[in-house]
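One file, target13.tsv, carrying TSV, C-alpha atoms and all ligand atoms:
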```tsv
chain	number	residue	atom	x	y	z
Z	1	MET	CA	-6.87	-9.01	-18.38
Z	2	LYS	CA	-4.94	-6.52	-20.49
Z	3	ILE	CA	-3.77	-3.75	-18.16
Z	4	ALA	CA	-1.80	-0.61	-18.98
Z	5	ILE	CA	-0.02	1.39	-16.29
Z	6	VAL	CA	0.64	5.11	-16.73
Z	7	ALA	CA	4.13	5.96	-15.32
Z	8	ALA	CA	7.02	3.75	-14.31
Z	9	GLY	CA	7.71	5.29	-10.91
Z	10	SER	CA	8.10	3.23	-7.76
Z	11	TRP	CA	4.39	2.52	-7.22
Z	12	GLY	CA	3.50	1.89	-10.86
Z	13	THR	CA	6.40	-0.55	-11.12
Z	14	ALA	CA	5.55	-2.35	-7.85
Z	15	LEU	CA	1.92	-2.76	-8.92
Z	16	SER	CA	2.99	-4.08	-12.33
Z	17	LEU	CA	4.78	-6.89	-10.46
Z	18	VAL	CA	1.63	-7.79	-8.50
Z	19	LEU	CA	-0.57	-7.81	-11.61
Z	20	ASN	CA	2.02	-9.89	-13.46
Z	21	ASP	CA	2.14	-12.36	-10.53
Z	22	ASN	CA	-1.65	-12.61	-10.84
Z	23	GLY	CA	-1.37	-13.66	-14.49
Z	24	HIS	CA	-2.42	-10.44	-16.23
Z	25	ASP	CA	-1.01	-9.02	-19.44
Z	26	VAL	CA	0.76	-5.87	-18.16
Z	27	CYS	CA	2.30	-3.00	-20.09
Z	28	VAL	CA	3.86	0.03	-18.36
Z	29	TRP	CA	4.06	3.33	-20.21
Z	30	ALA	CA	6.85	5.74	-19.28
Z	31	ARG	CA	7.28	9.16	-20.88
Z	32	ASN	CA	11.05	8.83	-21.00
Z	33	GLN	CA	12.56	6.47	-23.64
Z	34	SER	CA	15.94	6.33	-21.88
Z	35	GLN	CA	14.23	4.98	-18.74
Z	36	VAL	CA	12.44	2.35	-20.84
Z	37	ASP	CA	15.75	1.34	-22.50
Z	38	LYS	CA	17.45	1.03	-19.13
Z	39	ILE	CA	14.67	-1.13	-17.67
Z	40	ASN	CA	14.60	-3.34	-20.77
Z	41	GLU	CA	18.42	-3.73	-20.73
Z	42	THR	CA	18.94	-4.32	-16.99
Z	43	GLY	CA	15.63	-5.94	-15.96
Z	44	MET	CA	15.44	-3.40	-13.11
Z	45	ASN	CA	14.00	0.05	-12.46
Z	46	GLU	CA	16.91	0.99	-10.23
Z	47	LYS	CA	16.10	4.69	-9.78
Z	48	TYR	CA	12.63	3.97	-8.38
Z	49	LEU	CA	12.74	0.41	-7.01
Z	50	LYS	CA	16.17	-0.72	-5.90
Z	51	ASN	CA	17.32	-4.35	-6.19
Z	52	ILE	CA	14.05	-5.69	-7.59
Z	53	SER	CA	14.13	-7.86	-10.71
Z	54	ILE	CA	11.38	-7.20	-13.23
Z	55	PRO	CA	10.17	-10.25	-15.18
Z	56	LYS	CA	10.43	-10.03	-18.98
Z	57	SER	CA	6.69	-10.70	-19.25
Z	58	ILE	CA	6.01	-7.08	-18.14
Z	59	LYS	CA	6.37	-4.78	-21.15
Z	60	PHE	CA	7.76	-1.25	-20.80
Z	61	THR	CA	7.30	1.30	-23.58
Z	62	SER	CA	7.22	5.05	-24.23
Z	63	ASN	CA	4.83	4.56	-27.14
Z	64	MET	CA	1.32	5.49	-26.01
Z	65	LYS	CA	-0.41	3.67	-28.86
Z	66	SER	CA	1.22	0.33	-28.17
Z	67	ALA	CA	0.73	0.73	-24.39
Z	68	PHE	CA	-2.92	1.75	-24.32
Z	69	GLU	CA	-4.59	0.37	-27.43
Z	70	GLY	CA	-6.74	-2.59	-26.46
Z	71	ALA	CA	-6.19	-2.09	-22.70
Z	72	GLU	CA	-9.24	-3.10	-20.65
Z	73	ILE	CA	-7.91	-1.36	-17.57
Z	74	ILE	CA	-5.76	1.76	-17.34
Z	75	LEU	CA	-4.03	2.38	-14.02
Z	76	PHE	CA	-2.78	5.93	-13.35
Z	77	SER	CA	0.25	6.22	-11.06
Z	78	VAL	CA	1.42	9.71	-11.97
Z	79	PRO	CA	1.90	12.25	-9.14
Z	80	SER	CA	-1.45	13.87	-8.39
Z	81	GLN	CA	-0.41	17.35	-9.61
Z	82	GLN	CA	0.16	15.72	-13.03
Z	83	TYR	CA	-3.09	13.73	-13.06
Z	84	GLN	CA	-5.36	16.18	-14.88
Z	85	LYS	CA	-2.76	16.94	-17.57
Z	86	THR	CA	-2.09	13.23	-18.10
Z	87	LEU	CA	-5.78	12.30	-18.25
Z	88	GLU	CA	-6.37	15.08	-20.81
Z	89	LYS	CA	-3.51	13.71	-22.91
Z	90	MET	CA	-5.04	10.24	-22.75
Z	91	ILE	CA	-8.46	11.57	-23.77
Z	92	GLU	CA	-6.94	13.51	-26.68
Z	93	GLY	CA	-5.14	10.34	-27.79
Z	94	GLY	CA	-8.48	8.49	-27.85
Z	95	PHE	CA	-7.28	5.95	-25.27
Z	96	MET	CA	-10.10	6.40	-22.73
Z	97	ARG	CA	-12.53	4.29	-24.74
Z	98	GLN	CA	-15.97	3.35	-23.43
Z	99	GLY	CA	-15.79	0.30	-21.20
Z	100	VAL	CA	-12.21	0.92	-20.03
Z	101	ILE	CA	-11.93	0.96	-16.24
Z	102	LEU	CA	-9.73	3.68	-14.75
Z	103	ILE	CA	-7.84	2.85	-11.56
Z	104	ASN	CA	-6.10	5.70	-9.80
Z	105	VAL	CA	-3.41	5.03	-7.19
Z	106	SER	CA	-2.02	8.51	-6.65
Z	107	LYS	CA	-2.71	10.22	-3.34
Z	108	GLY	CA	-3.20	13.95	-3.46
Z	109	ILE	CA	-5.46	16.93	-4.17
Z	110	ASP	CA	-4.97	19.17	-7.19
Z	111	MET	CA	-3.51	22.51	-6.05
Z	112	ASN	CA	-5.25	24.55	-8.74
Z	113	THR	CA	-8.77	23.15	-8.65
Z	114	LEU	CA	-8.78	21.67	-5.10
Z	115	GLU	CA	-10.29	18.52	-6.61
Z	116	THR	CA	-9.52	14.91	-5.77
Z	117	MET	CA	-8.63	12.61	-8.67
Z	118	SER	CA	-12.18	11.18	-8.81
Z	119	GLN	CA	-13.59	14.72	-8.99
Z	120	ILE	CA	-11.23	15.64	-11.85
Z	121	THR	CA	-12.22	12.44	-13.66
Z	122	GLN	CA	-15.94	13.06	-13.13
Z	123	ARG	CA	-15.57	16.59	-14.58
Z	124	LEU	CA	-13.59	15.48	-17.65
Z	125	LEU	CA	-15.28	12.12	-18.23
Z	126	PRO	CA	-18.68	12.05	-16.45
Z	127	GLU	CA	-19.45	8.45	-17.50
Z	128	GLN	CA	-16.03	7.00	-16.64
Z	129	VAL	CA	-15.96	3.98	-14.29
Z	130	PHE	CA	-13.42	5.03	-11.65
Z	131	VAL	CA	-11.74	3.07	-8.85
Z	132	THR	CA	-9.19	4.39	-6.38
Z	133	LEU	CA	-6.80	1.89	-4.83
Z	134	SER	CA	-5.32	3.03	-1.54
Z	135	GLY	CA	-4.19	1.88	1.91
Z	136	PRO	CA	-0.91	1.35	3.77
Z	137	SER	CA	1.41	0.12	1.02
Z	138	HIS	CA	5.01	1.04	0.39
Z	139	ALA	CA	6.28	-0.03	-3.02
Z	140	GLU	CA	9.50	-1.31	-1.44
Z	141	GLU	CA	7.55	-3.90	0.62
Z	142	VAL	CA	4.93	-4.82	-1.98
Z	143	SER	CA	7.72	-5.54	-4.50
Z	144	GLN	CA	9.22	-7.97	-1.96
Z	145	LYS	CA	5.82	-9.67	-1.68
Z	146	LEU	CA	5.43	-8.73	1.99
Z	147	PRO	CA	1.82	-9.00	3.30
Z	148	THR	CA	-0.17	-5.84	2.51
Z	149	ALA	CA	-3.84	-4.87	2.80
Z	150	LEU	CA	-5.45	-2.37	0.41
Z	151	VAL	CA	-8.81	-0.69	-0.20
Z	152	SER	CA	-10.56	-0.63	-3.57
Z	153	ALA	CA	-13.02	2.29	-3.54
Z	154	SER	CA	-15.59	2.99	-6.21
Z	155	LYS	CA	-19.17	4.13	-6.55
Z	156	SER	CA	-19.66	0.95	-8.59
Z	157	ARG	CA	-19.65	-2.22	-6.49
Z	158	LYS	CA	-18.90	-4.30	-9.58
Z	159	ALA	CA	-15.83	-2.21	-10.41
Z	160	ALA	CA	-14.60	-2.16	-6.78
Z	161	GLU	CA	-14.89	-5.98	-6.67
Z	162	LEU	CA	-13.22	-6.40	-10.05
Z	163	VAL	CA	-10.20	-4.43	-8.78
Z	164	GLN	CA	-10.30	-6.45	-5.56
Z	165	ASP	CA	-10.03	-9.62	-7.65
Z	166	LEU	CA	-7.31	-8.17	-9.91
Z	167	PHE	CA	-4.89	-7.54	-7.06
Z	168	ALA	CA	-5.80	-10.15	-4.44
Z	169	ASN	CA	-3.28	-12.95	-3.92
Z	170	ASP	CA	-1.43	-14.62	-1.06
Z	171	TYR	CA	0.44	-11.42	-0.13
Z	172	ILE	CA	-2.18	-8.79	-1.10
Z	173	ARG	CA	-5.58	-8.62	0.61
Z	174	VAL	CA	-8.06	-6.09	-0.78
Z	175	TYR	CA	-11.19	-4.71	0.87
Z	176	THR	CA	-13.87	-2.71	-0.97
Z	177	ASN	CA	-15.37	0.61	0.13
Z	178	PRO	CA	-17.99	2.78	-1.64
Z	179	ASP	CA	-16.72	5.98	0.08
Z	180	VAL	CA	-14.46	7.24	-2.72
Z	181	VAL	CA	-13.97	10.77	-1.35
Z	182	GLY	CA	-13.25	9.44	2.16
Z	183	VAL	CA	-10.58	7.09	0.82
Z	184	GLU	CA	-9.10	9.86	-1.34
Z	185	ILE	CA	-9.00	12.47	1.44
Z	186	SER	CA	-7.47	9.90	3.81
Z	187	GLY	CA	-4.69	9.03	1.33
Z	188	ALA	CA	-3.99	12.65	0.45
Z	189	LEU	CA	-3.95	14.15	3.93
Z	190	LYS	CA	-1.95	11.42	5.66
Z	191	ASN	CA	1.01	12.68	3.60
Z	192	ILE	CA	0.76	16.08	5.30
Z	193	ILE	CA	0.69	14.56	8.76
Z	194	ALA	CA	3.67	12.34	7.80
Z	195	LEU	CA	5.64	15.42	6.78
Z	196	GLY	CA	4.82	16.83	10.22
Z	197	ALA	CA	5.80	13.57	11.94
Z	198	GLY	CA	9.10	13.64	10.03
Z	199	ILE	CA	9.74	17.25	11.06
Z	200	SER	CA	9.04	16.25	14.66
Z	201	ASP	CA	11.52	13.34	14.35
Z	202	GLY	CA	14.10	15.61	12.69
Z	203	LEU	CA	13.79	18.09	15.57
Z	204	GLY	CA	14.51	15.22	17.97
Z	205	TYR	CA	11.05	15.22	19.53
Z	206	GLY	CA	10.08	11.81	20.77
Z	207	ASP	CA	7.49	9.11	20.26
Z	208	ASN	CA	4.95	10.92	22.45
Z	209	ALA	CA	4.92	13.87	20.08
Z	210	LYS	CA	4.51	11.59	17.08
Z	211	ALA	CA	1.65	9.64	18.67
Z	212	ALA	CA	-0.09	12.94	19.40
Z	213	LEU	CA	0.37	14.10	15.80
Z	214	ILE	CA	-0.98	10.82	14.41
Z	215	THR	CA	-4.03	10.85	16.69
Z	216	ARG	CA	-4.92	14.53	16.36
Z	217	GLY	CA	-4.02	14.19	12.67
Z	218	ILE	CA	-6.65	11.55	11.90
Z	219	ASN	CA	-9.20	13.78	13.65
Z	220	GLU	CA	-8.26	16.65	11.38
Z	221	ILE	CA	-8.36	14.43	8.26
Z	222	ALA	CA	-11.83	13.17	9.21
Z	223	TYR	CA	-12.98	16.72	9.92
Z	224	LEU	CA	-12.18	17.87	6.36
Z	225	GLY	CA	-13.28	14.57	4.82
Z	226	THR	CA	-16.73	14.57	6.42
Z	227	ALA	CA	-17.20	18.22	5.41
Z	228	MET	CA	-16.60	17.01	1.85
Z	229	GLY	CA	-19.19	14.26	2.16
Z	230	ALA	CA	-17.11	11.29	3.38
Z	231	THR	CA	-18.27	8.68	5.89
Z	232	VAL	CA	-16.53	9.00	9.26
Z	233	GLU	CA	-15.89	5.23	9.57
Z	234	THR	CA	-13.59	5.31	6.53
Z	235	PHE	CA	-11.03	7.26	8.58
Z	236	ARG	CA	-10.57	4.43	11.07
Z	237	GLY	CA	-9.97	1.96	8.24
Z	238	LEU	CA	-6.93	0.99	6.18
Z	239	ALA	CA	-6.98	4.08	3.96
Z	240	GLY	CA	-7.36	6.28	7.04
Z	241	VAL	CA	-5.57	5.37	10.23
Z	242	GLY	CA	-3.78	2.41	8.55
Z	243	ASP	CA	-2.03	4.53	5.96
Z	244	LEU	CA	-1.42	7.30	8.47
Z	245	ILE	CA	0.44	4.89	10.77
Z	246	VAL	CA	2.65	3.44	8.03
Z	247	THR	CA	3.49	6.81	6.51
Z	248	CYS	CA	4.27	8.49	9.84
Z	249	THR	CA	6.48	5.65	11.08
Z	250	SER	CA	8.19	4.00	8.10
Z	251	MET	CA	11.62	4.96	6.78
Z	252	HIS	CA	10.29	4.01	3.34
Z	253	SER	CA	8.00	7.04	3.43
Z	254	ARG	CA	9.10	9.83	1.13
Z	255	ASN	CA	6.92	12.29	3.03
Z	256	ARG	CA	8.32	11.36	6.43
Z	257	ARG	CA	11.92	11.37	5.16
Z	258	CYS	CA	11.39	14.80	3.61
Z	259	GLY	CA	10.03	16.04	6.95
Z	260	ILE	CA	13.04	14.63	8.81
Z	261	LEU	CA	15.38	16.65	6.55
Z	262	ILE	CA	13.34	19.81	7.15
Z	263	GLY	CA	13.39	19.19	10.92
Z	264	GLN	CA	17.16	18.78	10.74
Z	265	GLY	CA	17.42	22.26	9.24
Z	266	HIS	CA	17.44	21.70	5.46
Z	267	SER	CA	15.29	23.98	3.32
Z	268	PHE	CA	11.93	22.79	1.98
Z	269	ASP	CA	13.19	22.79	-1.64
Z	270	GLU	CA	16.48	21.04	-0.79
Z	271	SER	CA	14.58	18.36	1.13
Z	272	ILE	CA	12.15	17.63	-1.73
Z	273	GLU	CA	15.08	17.48	-4.15
Z	274	ALA	CA	17.01	15.08	-1.90
Z	275	ILE	CA	14.14	12.55	-1.86
Z	276	GLY	CA	14.23	12.25	-5.68
Z	277	MET	CA	10.68	10.87	-5.89
Z	278	VAL	CA	7.36	12.60	-5.48
Z	279	VAL	CA	6.64	14.04	-2.01
Z	280	GLU	CA	2.89	14.47	-2.34
Z	281	GLY	CA	2.40	16.17	1.03
Z	282	ALA	CA	4.50	19.12	-0.12
Z	283	TYR	CA	1.71	20.08	-2.54
Z	284	THR	CA	-1.31	18.66	-0.75
Z	285	ILE	CA	-0.54	20.90	2.24
Z	286	LYS	CA	-1.45	23.89	0.09
Z	287	SER	CA	-4.63	22.25	-1.24
Z	288	ALA	CA	-5.68	21.18	2.27
Z	289	TYR	CA	-5.07	24.67	3.64
Z	290	ASP	CA	-7.18	26.19	0.85
Z	291	LEU	CA	-9.95	23.60	1.41
Z	292	MET	CA	-9.89	24.35	5.14
Z	293	VAL	CA	-10.48	28.03	4.33
Z	294	LYS	CA	-13.14	27.14	1.74
Z	295	PHE	CA	-15.09	24.94	4.19
Z	296	ASP	CA	-14.44	27.34	7.09
Z	297	LEU	CA	-12.87	24.66	9.31
Z	298	GLU	CA	-10.33	24.82	12.12
Z	299	MET	CA	-7.38	22.51	11.31
Z	300	PRO	CA	-4.47	23.50	13.56
Z	301	ILE	CA	-1.86	20.95	12.36
Z	302	THR	CA	-2.55	21.78	8.71
Z	303	THR	CA	-2.37	25.50	9.51
Z	304	GLU	CA	0.96	25.28	11.33
Z	305	LEU	CA	2.52	23.01	8.69
Z	306	TYR	CA	1.38	25.38	5.96
Z	307	LYS	CA	3.06	28.24	7.83
Z	308	VAL	CA	6.31	26.24	8.24
Z	309	LEU	CA	6.46	25.06	4.62
Z	310	TYR	CA	5.02	28.03	2.72
Z	311	GLU	CA	5.57	31.03	5.03
Z	312	GLY	CA	8.95	30.12	6.58
Z	313	LYS	CA	7.71	29.81	10.19
Z	314	ASP	CA	10.23	28.10	12.46
Z	315	ALA	CA	9.12	24.50	13.13
Z	316	ARG	CA	9.82	24.73	16.89
Z	317	VAL	CA	7.70	27.87	17.11
Z	318	ALA	CA	4.95	26.05	15.18
Z	319	VAL	CA	5.01	23.21	17.73
Z	320	ASN	CA	4.82	25.79	20.55
Z	321	SER	CA	1.78	27.30	18.83
Z	322	LEU	CA	0.10	23.89	18.72
Z	323	MET	CA	0.90	23.17	22.39
Z	324	SER	CA	-0.36	26.51	23.64
Z	325	ARG	CA	-3.70	26.60	21.83
Z	326	GLN	CA	-6.77	27.34	23.87
Z	327	LYS	CA	-7.64	24.39	26.13
Z	328	LYS	CA	-10.42	22.16	24.82
Z	329	HIS	CA	-12.19	18.84	25.23
Z	330	GLU	CA	-10.65	15.91	23.34
Z	331	ILE	CA	-13.94	15.32	21.51
Z	332	ASP	CA	-16.31	18.29	21.64
Z	333	GLU	CA	-19.52	16.23	21.67
Z	334	TYR	CA	-18.29	14.30	24.72
Z	335	ALA	CA	-18.15	17.46	26.86
Z	336	LYS	CA	-21.77	16.97	27.84
Z	337	GLY	CA	-20.94	13.44	29.04
Z	338	PHE	CA	-19.22	14.51	32.30
Z	339	GLU	CA	-21.21	13.05	35.19
Z	340	ILE	CA	-19.94	15.52	37.75
Z	341	TRP	CA	-19.83	19.16	36.79
Z	342	GLU	CA	-18.07	20.68	39.80
K	401	LIG	N1	5.74	4.74	-3.75
K	401	LIG	C1	4.83	4.19	-2.98
K	401	LIG	O1	5.13	3.36	-2.14
K	401	LIG	C2	3.39	4.58	-3.14
K	401	LIG	C3	2.41	3.78	-2.55
K	401	LIG	C4	1.07	4.13	-2.68
K	401	LIG	C5	0.72	5.25	-3.39
K	401	LIG	N2	1.69	6.01	-3.97
K	401	LIG	C6	1.25	7.18	-4.72
K	401	LIG	O2	1.45	6.93	-6.10
K	401	LIG	C7	1.75	8.14	-6.80
K	401	LIG	C8	3.07	7.95	-7.55
K	401	LIG	O3	4.05	7.73	-6.57
K	401	LIG	P1	5.46	7.08	-6.89
K	401	LIG	O4	6.03	6.75	-5.54
K	401	LIG	O5	5.34	6.04	-7.92
K	401	LIG	O6	6.22	8.35	-7.47
K	401	LIG	P2	7.63	8.34	-8.20
K	401	LIG	O7	8.20	9.69	-8.00
K	401	LIG	O8	8.40	7.15	-7.81
K	401	LIG	O9	7.23	8.14	-9.73
K	401	LIG	C9	6.40	9.04	-10.42
K	401	LIG	C10	6.52	8.69	-11.90
K	401	LIG	O10	5.64	9.54	-12.62
K	401	LIG	C11	6.31	10.01	-13.76
K	401	LIG	N3	5.70	11.28	-14.16
K	401	LIG	C12	5.74	12.46	-13.51
K	401	LIG	N4	5.06	13.39	-14.19
K	401	LIG	C13	4.56	12.77	-15.28
K	401	LIG	C14	3.79	13.21	-16.39
K	401	LIG	N5	3.37	14.48	-16.49
K	401	LIG	N6	3.47	12.31	-17.35
K	401	LIG	C15	3.90	11.05	-17.26
K	401	LIG	N7	4.66	10.56	-16.24
K	401	LIG	C16	4.97	11.43	-15.28
K	401	LIG	C17	7.77	10.16	-13.33
K	401	LIG	O11	8.62	10.18	-14.44
K	401	LIG	C18	7.93	8.92	-12.47
K	401	LIG	O12	8.27	7.82	-13.26
K	401	LIG	C19	1.82	9.22	-5.71
K	401	LIG	O13	0.62	9.89	-5.67
K	401	LIG	C20	2.02	8.45	-4.43
K	401	LIG	O14	1.48	9.11	-3.31
K	401	LIG	C21	3.01	5.70	-3.86
K	402	LIG	O1	6.34	7.10	0.65
K	402	LIG	P1	5.15	7.98	0.79
K	402	LIG	O2	5.24	8.90	1.96
K	402	LIG	O3	4.84	8.70	-0.51
K	402	LIG	O4	3.90	7.03	1.07
K	402	LIG	C1	3.65	6.00	0.19
K	402	LIG	C2	2.31	5.33	0.43
K	402	LIG	O5	1.28	6.27	0.27
K	402	LIG	C3	2.20	4.62	1.74
K	402	LIG	O6	0.98	3.96	1.82
```
Would it be possible to restate this file's structure as structure tokens?
Amino acid sequence: MKIAIVAAGSWGTALSLVLNDNGHDVCVWARNQSQVDKINETGMNEKYLKNISIPKSIKFTSNMKSAFEGAEIILFSVPSQQYQKTLEKMIEGGFMRQGVILINVSKGIDMNTLETMSQITQRLLPEQVFVTLSGPSHAEEVSQKLPTALVSASKSRKAAELVQDLFANDYIRVYTNPDVVGVEISGALKNIIALGAGISDGLGYGDNAKAALITRGINEIAYLGTAMGATVETFRGLAGVGDLIVTCTSMHSRNRRCGILIGQGHSFDESIEAIGMVVEGAYTIKSAYDLMVKFDLEMPITTELYKVLYEGKDARVAVNSLMSRQKKHEIDEYAKGFEIWE
């Protein structure tokens, strides 16, 4: 199929390699001509994907017309805070023609509207066929063809299965899931918890602390997700706990690495700058905090991280606040399950 990718960052580039391996006609659009020139000259996208050769069969261009005209599938890999603006630009350019399938791979929640990428798309293009592709998948490993499992989520079974077929090969396995919001909230909020896990690592707290953050974190993600209409089972799947594990533990993770720098005492802004690629959790923390208030939920990890990142609270004091919360049952509904009450 003819597939156009919006943005030549690390994930857009890694996915272009997979689609090219699978025999598709792939063109990557980048906004910056000097980046395109460099990739075309060197056969590498060194800033975003180190030491990976890019086959000549993948085209890179900064010309929107030549990238998007005739594309059957358009895959968006821009940072989520840029998604609405980019989609509007594509609509204005007349590139979102009827019949084109939109795949989104970015993981975040818009800070201004508090919408996920499917919700933005639905508002701007109510008839658009939309698929989100998510799951535990670092570009650095996918580009080395290391085994990876993904989730293709769409309201349309046909579209979810088409995307499953597009990416599946001997190193990529893709599952389908109709719970689009659940997959989106999982992918967006795991970045927040990974920032927290990184801060914990940077402070020198151990594996116990990180395991607690991951476990209580997925609870918190599911709490917000189900309030937004998601299915609880999605959170124990690849997009949920799977992506949470990889992002909280891998040194490839931009969110975790940013958190480590903060835990070591660097400022929030310095840490984001040092990563040099998008740190989605830095923005999604604000959206998640606002959604928590909107849905009137209690999300202690999100609250403390928001205070550390946006209100300057000391991270050690934030951990103390989490540890000294009122005592509670691990799962509220299970409280009635005690056999002996005295
Ligand atoms: N890197 C990964 O391993 C990975 C894996 C899965 C999902 N994701 C998600 O994919 C999204 C992109 O991540 P990434 O790692 O590729 O980020 P990145 O920082 O490596 O690249 C982002 C790219 O978007 C471009 N860009 C930014 N604003 C733009 C705009 N307004 N218009 C056009 N282009 C613009 C940048 O120039 C850059 O090329 C994020 O939401 C991330 O969470 C990343
Ligand atoms: O490197 P991160 O933290 O942006 O995470 C990338 C992917 O979402 C991992 O699945």
Counting all atoms listed in the file, which residues of chain Z fall within 7 Å of ligand LIG 402 (chain K), and what is the closest atom pair for each with its distance in Å at one decimal, ordered by chain and rising number, as JSON lines?
```
{"residue": "Z:Lys107", "atom": "CA", "partner": "K:LIG402", "partner_atom": "O5", "distance": 6.7}
{"residue": "Z:Gly135", "atom": "CA", "partner": "K:LIG402", "partner_atom": "O6", "distance": 5.6}
{"residue": "Z:Pro136", "atom": "CA", "partner": "K:LIG402", "partner_atom": "O6", "distance": 3.8}
{"residue": "Z:Ser137", "atom": "CA", "partner": "K:LIG402", "partner_atom": "O6", "distance": 3.9}
{"residue": "Z:His138", "atom": "CA", "partner": "K:LIG402", "partner_atom": "C3", "distance": 4.7}
{"residue": "Z:Gly187", "atom": "CA", "partner": "K:LIG402", "partner_atom": "O5", "distance": 6.7}
{"residue": "Z:Asn191", "atom": "CA", "partner": "K:LIG402", "partner_atom": "O2", "distance": 5.9}
{"residue": "Z:Ala194", "atom": "CA", "partner": "K:LIG402", "partner_atom": "O2", "distance": 7.0}
{"residue": "Z:Asp243", "atom": "CA", "partner": "K:LIG402", "partner_atom": "O6", "distance": 5.2}
{"residue": "Z:Val246", "atom": "CA", "partner": "K:LIG402", "partner_atom": "C3", "distance": 6.4}
{"residue": "Z:Thr247", "atom": "CA", "partner": "K:LIG402", "partner_atom": "O2", "distance": 5.3}
{"residue": "Z:His252", "atom": "CA", "partner": "K:LIG402", "partner_atom": "O1", "distance": 5.7}
{"residue": "Z:Ser253", "atom": "CA", "partner": "K:LIG402", "partner_atom": "O1", "distance": 3.2}
{"residue": "Z:Arg254", "atom": "CA", "partner": "K:LIG402", "partner_atom": "O1", "distance": 3.9}
{"residue": "Z:Asn255", "atom": "CA", "partner": "K:LIG402", "partner_atom": "O2", "distance": 3.9}
{"residue": "Z:Arg256", "atom": "CA", "partner": "K:LIG402", "partner_atom": "O2", "distance": 6.0}
{"residue": "Z:Val278", "atom": "CA", "partner": "K:LIG402", "partner_atom": "O3", "distance": 6.8}
{"residue": "Z:Val279", "atom": "CA", "partner": "K:LIG402", "partner_atom": "O3", "distance": 5.8}
{"residue": "Z:Glu280", "atom": "CA", "partner": "K:LIG402", "partner_atom": "O3", "distance": 6.4}
```
Quick one: everything within 10 Å of Ile193 of chain Z, counting only C-alpha atoms, minus sequence neighbours fewer than 5 positions away in the same chain. Send it as JSON, numbers by chain.
-> {"Z": [188, 198, 199, 210, 213, 214, 215, 216, 217, 218, 220, 221, 244, 245, 247, 248, 255, 256, 259, 281, 285, 301, 302, 305]}
Considering only C-alpha atoms, return as a VMD selection string whatever protein or nucleic-acid residues lie within 12 Å of Phe76 of chain Z, sequence-local ones (same chain, fewer than 6 positions apart) excluded.
-> chain Z and resid 3 to 9 11 to 13 15 to 16 28 to 30 68 82 to 87 90 96 101 to 107 117 to 118 121 130 to 133
In Å to one decimal, how far is atom O6 of ligand LIG 401 (chain K) from atom CA of Ile185 of chain Z?
-> 18.1 Å
Separation of atom CA of Thr61 of chain Z from atom CA of Lys38 of chain Z in Å | 11.1 Å
Counting only C-alpha atoms, which residues come within 12 Å of (-8.2, 28.4, -2.3), with the point read in the file's coordinates, and could you list them as number ranges by chain?
-> Z: 109-115, 285-296
Keeping only C-alpha atoms, write those residues as a CSV table (one decimal), in the frame of the given file.
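Below you can see selection-v9.csv, which holds the result:
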```
chain,number,residue,atom,x,y,z
Z,109,ILE,CA,-5.5,16.9,-4.2
Z,110,ASP,CA,-5.0,19.2,-7.2
Z,111,MET,CA,-3.5,22.5,-6.0
Z,112,ASN,CA,-5.2,24.6,-8.7
Z,113,THR,CA,-8.8,23.2,-8.6
Z,114,LEU,CA,-8.8,21.7,-5.1
Z,115,GLU,CA,-10.3,18.5,-6.6
Z,285,ILE,CA,-0.5,20.9,2.2
Z,286,LYS,CA,-1.4,23.9,0.1
Z,287,SER,CA,-4.6,22.2,-1.2
Z,288,ALA,CA,-5.7,21.2,2.3
Z,289,TYR,CA,-5.1,24.7,3.6
Z,290,ASP,CA,-7.2,26.2,0.8
Z,291,LEU,CA,-10.0,23.6,1.4
Z,292,MET,CA,-9.9,24.4,5.1
Z,293,VAL,CA,-10.5,28.0,4.3
Z,294,LYS,CA,-13.1,27.1,1.7
Z,295,PHE,CA,-15.1,24.9,4.2
Z,296,ASP,CA,-14.4,27.3,7.1
```
Tell me which of Z:Ser156, Z:Gln128, Z:Asn40, Z:Ser34 sits closest to ligand LIG 401 (chain K), counting all atoms listed in the file.
->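 Smallest distance to ligand LIG 401 (chain K) is found for Z:Ser34.
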Å distance separating atom CA of Leu150 of chain Z from atom CA of Asn20 of chain Z, one decimal place | 17.5 Å
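When only C-alpha atoms and all ligand atoms are used to measure the gap to ligand LIG 401 (chain K), the shortest distance among Z:Ala14, Z:Leu19, Z:Ala274, Z:Val317 belongs to Z:Ala14.
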Hey, which of Z:Ala67, Z:Met228, Z:Ile74, Z:Val129 ends up closest to Gly182 of chain Z? Count all atoms listed in the file.
->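 Answer, going by the shortest atom-to-atom distance: Z:Met228.
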Considering all atoms listed in the file, return as JSON, numbers by chain whatever protein or nucleic-acid residues lie within 12 Å of Tyr205 of chain Z, sequence-local ones (same chain, fewer than 3 positions apart) excluded.
-> {"Z": [196, 197, 198, 199, 200, 201, 202, 208, 209, 210, 211, 212, 213, 260, 263, 264, 315, 316, 319]}
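Minimum atom-to-atom distances from Z:Gln98, Z:Thr284, Z:Thr176, Z:Gln164 to ligand LIG 401 (chain K) were compared using only C-alpha atoms and all ligand atoms, and the lowest value belongs to Z:Thr284.
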Hey, what's within 6 Å of segment 52-57 of chain Z if we count only C-alpha atoms and toss same-chain stuff fewer than 2 positions away? As a PyMOL selection string, please?
-> chain Z and resi 43-44+50
